[in-house]
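A.B. asks: I am attaching a structure below and will ask some questions about it afterwards.
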Amino acid sequence: MEQSVIRFSHCQKQIFCFSLPQQCPGCGAELSGSRLQEAPVSLPPPLCNAHKTSCCLLVAPAEDNHHRVFDGTSELHTGISNTKGVVYNYTRCGVRRDQSGWERCISVPLVRPDMFNLLAQWDQYLDRFSDAPMWDPAWHRFDEESHNCFSFCVQFLNGVLATEGRSRLSRDQLTQTFILPRLKRVCKYNTLCQHIRQKQHYMVDRQEDRQDEDRQEA
């Protein structure tokens, strides 16, 4: 289970920790609700359990990453969830339908809750697409560069977009717009948690105070 980070403000600082300390790490004052500048805010972990998602693009560390962590350098694996949280993902052995193993991943929602027609047909689209010969290793070999798990996701998504009369997305567009920002958030969150584990807290100047100083200097 991922730990949630708590953020609160005191003595003109923003302070991040796993639980509210008895004393302020910045000034040493006793902390109580009346002495905080604002109520503590919980920052939820950026990873989710894919098997509790519906109709999402999913990104997880590859299976050869034994610790299954996002470290910014390891190989990644992608898949698509159906309406029941089963993750369809293309491998060297063909398309797998995983009901477990994707408990810590990045999730990109692909269907709005009000898109009832698409939701009703999503599982049928996904099954039909996954059964196509191009994902059968007897017909088409897996290739790490040109015919891989991300190819499966991109081509499925573009097929759905075409059916809906919408413009297709390139691999770069999908990566830059939807995946990289979430990956960066995961890396920042992991770095923050590592710092808190080592120092018990992380502290920075309040953003409003920094902005006021910048305006004064300008």
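Labels for the structure tokens follow display order: chains A, B, ..., residues from 1 in each chain, ligands from 1.
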Name the residues of segment 39-207 of chain A that come out as alpha helix (DSSP H) in a backbone DSSP run; write them as a ChimeraX atom specification.
C.D. replies: /A:116-130,149-163,171-174,180-199,207
A.B. asks: Report as CSV the residues of segment 102-174 of chain A within 6 Å of segment 40-52 of chain A, each with its shortest atom pair and distance in Å (one decimal), using only C-alpha atoms, ordered by chain and increasing residue number.
C.D. replies:
residue,atom,partner,partner_atom,distance
A:Trp102,CA,A:Ala50,CA,5.5
A:Glu103,CA,A:Asn49,CA,4.0
A:Arg104,CA,A:Cys48,CA,5.4
A:Cys105,CA,A:Leu47,CA,5.1
A:Ile106,CA,A:Leu47,CA,5.3
A.B. asks: Considering only C-alpha atoms, state which residue in the set A:Val86, A:Ile15, A:Val59, A:Pro113 is at the smallest distance from Leu180 of chain A.
C.D. replies: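 Result for the nearest residue to Leu180 of chain A: A:Val59.
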A.B. asks: Could you give me, as a Markdown table, a per-residue list for segment 2-78 of chain A showing, wherever an atom lies at most 12 Å from an atom of segment 159-176 of chain A, the closest pair of atoms and their distance in Å to one decimal, using only C-alpha atoms and sorting by chain then residue number from low to high?
C.D. replies:
| residue | atom | partner | partner_atom | distance |
| --- | --- | --- | --- | --- |
| A:Cys55 | CA | A:Val160 | CA | 11.6 |
| A:Leu57 | CA | A:Leu174 | CA | 10.1 |
| A:Leu58 | CA | A:Thr175 | CA | 12.0 |
| A:Val59 | CA | A:Thr175 | CA | 10.9 |
| A:Thr78 | CA | A:Thr175 | CA | 11.5 |
A.B. asks: To one decimal in Å, tell me the separation between atom CA of Gln23 of chain A and atom CA of Arg206 of chain A.
C.D. replies: 18.2 Å
A.B. asks: Env of Ser146 of chain A: 12 Å cut, atoms = only C-alpha atoms, seq-sep filter 6 positions within chain, self excluded. Answer as a list in words.
C.D. replies: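 Here the qualifying residues turn out to be His140, Phe152, Val154, Gln155 and Arg171 of chain A.
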A.B. asks: Can I get the selected residues back with all heavy atoms, as a PDB file, in the first residue's frame?
C.D. replies:
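This went into selection-v3.pdb:
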ATOM      1  N   HIS A 140       2.136 -13.106 -36.509  1.00  0.00           N
ATOM      2  CA  HIS A 140       2.930 -11.871 -36.475  1.00  0.00           C
ATOM      3  C   HIS A 140       3.791 -11.880 -35.225  1.00  0.00           C
ATOM      4  O   HIS A 140       3.270 -11.964 -34.107  1.00  0.00           O
ATOM      5  CB  HIS A 140       2.002 -10.655 -36.482  1.00  0.00           C
ATOM      6  CG  HIS A 140       2.649  -9.404 -36.993  1.00  0.00           C
ATOM      7  ND1 HIS A 140       3.829  -8.892 -36.479  1.00  0.00           N
ATOM      8  CD2 HIS A 140       2.285  -8.543 -37.990  1.00  0.00           C
ATOM      9  CE1 HIS A 140       4.144  -7.786 -37.119  1.00  0.00           C
ATOM     10  NE2 HIS A 140       3.222  -7.555 -38.035  1.00  0.00           N
ATOM     11  N   PHE A 152      -0.012  -2.162 -29.555  1.00  0.00           N
ATOM     12  CA  PHE A 152      -1.334  -2.722 -29.289  1.00  0.00           C
ATOM     13  C   PHE A 152      -2.277  -1.645 -28.753  1.00  0.00           C
ATOM     14  O   PHE A 152      -3.406  -1.483 -29.235  1.00  0.00           O
ATOM     15  CB  PHE A 152      -1.200  -3.876 -28.288  1.00  0.00           C
ATOM     16  CG  PHE A 152      -2.496  -4.438 -27.805  1.00  0.00           C
ATOM     17  CD1 PHE A 152      -3.177  -5.385 -28.551  1.00  0.00           C
ATOM     18  CD2 PHE A 152      -3.026  -4.033 -26.585  1.00  0.00           C
ATOM     19  CE1 PHE A 152      -4.386  -5.918 -28.096  1.00  0.00           C
ATOM     20  CE2 PHE A 152      -4.227  -4.553 -26.119  1.00  0.00           C
ATOM     21  CZ  PHE A 152      -4.908  -5.501 -26.876  1.00  0.00           C
ATOM     22  N   VAL A 154      -1.958   1.737 -28.848  1.00  0.00           N
ATOM     23  CA  VAL A 154      -2.156   2.855 -29.774  1.00  0.00           C
ATOM     24  C   VAL A 154      -3.118   2.461 -30.894  1.00  0.00           C
ATOM     25  O   VAL A 154      -4.039   3.214 -31.240  1.00  0.00           O
ATOM     26  CB  VAL A 154      -0.808   3.328 -30.358  1.00  0.00           C
ATOM     27  CG1 VAL A 154      -1.028   4.368 -31.452  1.00  0.00           C
ATOM     28  CG2 VAL A 154       0.080   3.908 -29.263  1.00  0.00           C
ATOM     29  N   GLN A 155      -2.930   1.285 -31.463  1.00  0.00           N
ATOM     30  CA  GLN A 155      -3.791   0.866 -32.566  1.00  0.00           C
ATOM     31  C   GLN A 155      -5.220   0.609 -32.102  1.00  0.00           C
ATOM     32  O   GLN A 155      -6.174   0.913 -32.819  1.00  0.00           O
ATOM     33  CB  GLN A 155      -3.205  -0.374 -33.238  1.00  0.00           C
ATOM     34  CG  GLN A 155      -1.917  -0.073 -34.004  1.00  0.00           C
ATOM     35  CD  GLN A 155      -1.434  -1.253 -34.827  1.00  0.00           C
ATOM     36  OE1 GLN A 155      -2.221  -1.941 -35.473  1.00  0.00           O
ATOM     37  NE2 GLN A 155      -0.136  -1.503 -34.803  1.00  0.00           N
ATOM     38  N   ARG A 171       1.829   7.917 -31.708  1.00  0.00           N
ATOM     39  CA  ARG A 171       2.501   7.405 -30.503  1.00  0.00           C
ATOM     40  C   ARG A 171       3.086   8.557 -29.694  1.00  0.00           C
ATOM     41  O   ARG A 171       2.994   8.587 -28.458  1.00  0.00           O
ATOM     42  CB  ARG A 171       3.608   6.425 -30.903  1.00  0.00           C
ATOM     43  CG  ARG A 171       3.116   5.154 -31.560  1.00  0.00           C
ATOM     44  CD  ARG A 171       4.275   4.370 -32.152  1.00  0.00           C
ATOM     45  NE  ARG A 171       5.140   3.809 -31.131  1.00  0.00           N
ATOM     46  CZ  ARG A 171       5.101   2.533 -30.745  1.00  0.00           C
ATOM     47  NH1 ARG A 171       4.245   1.695 -31.301  1.00  0.00           N
ATOM     48  NH2 ARG A 171       5.926   2.095 -29.825  1.00  0.00           N
TER      49      ARG A 171
END
A.B. asks: Taking only C-alpha atoms into account, which of A:Lys13, A:His195, A:Arg182, A:Arg112 comes nearest Pro25 of chain A?
C.D. replies: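 Checking each of A:Lys13, A:His195, A:Arg182, A:Arg112 against Pro25 of chain A, counting only C-alpha atoms, the winner is A:Lys13.
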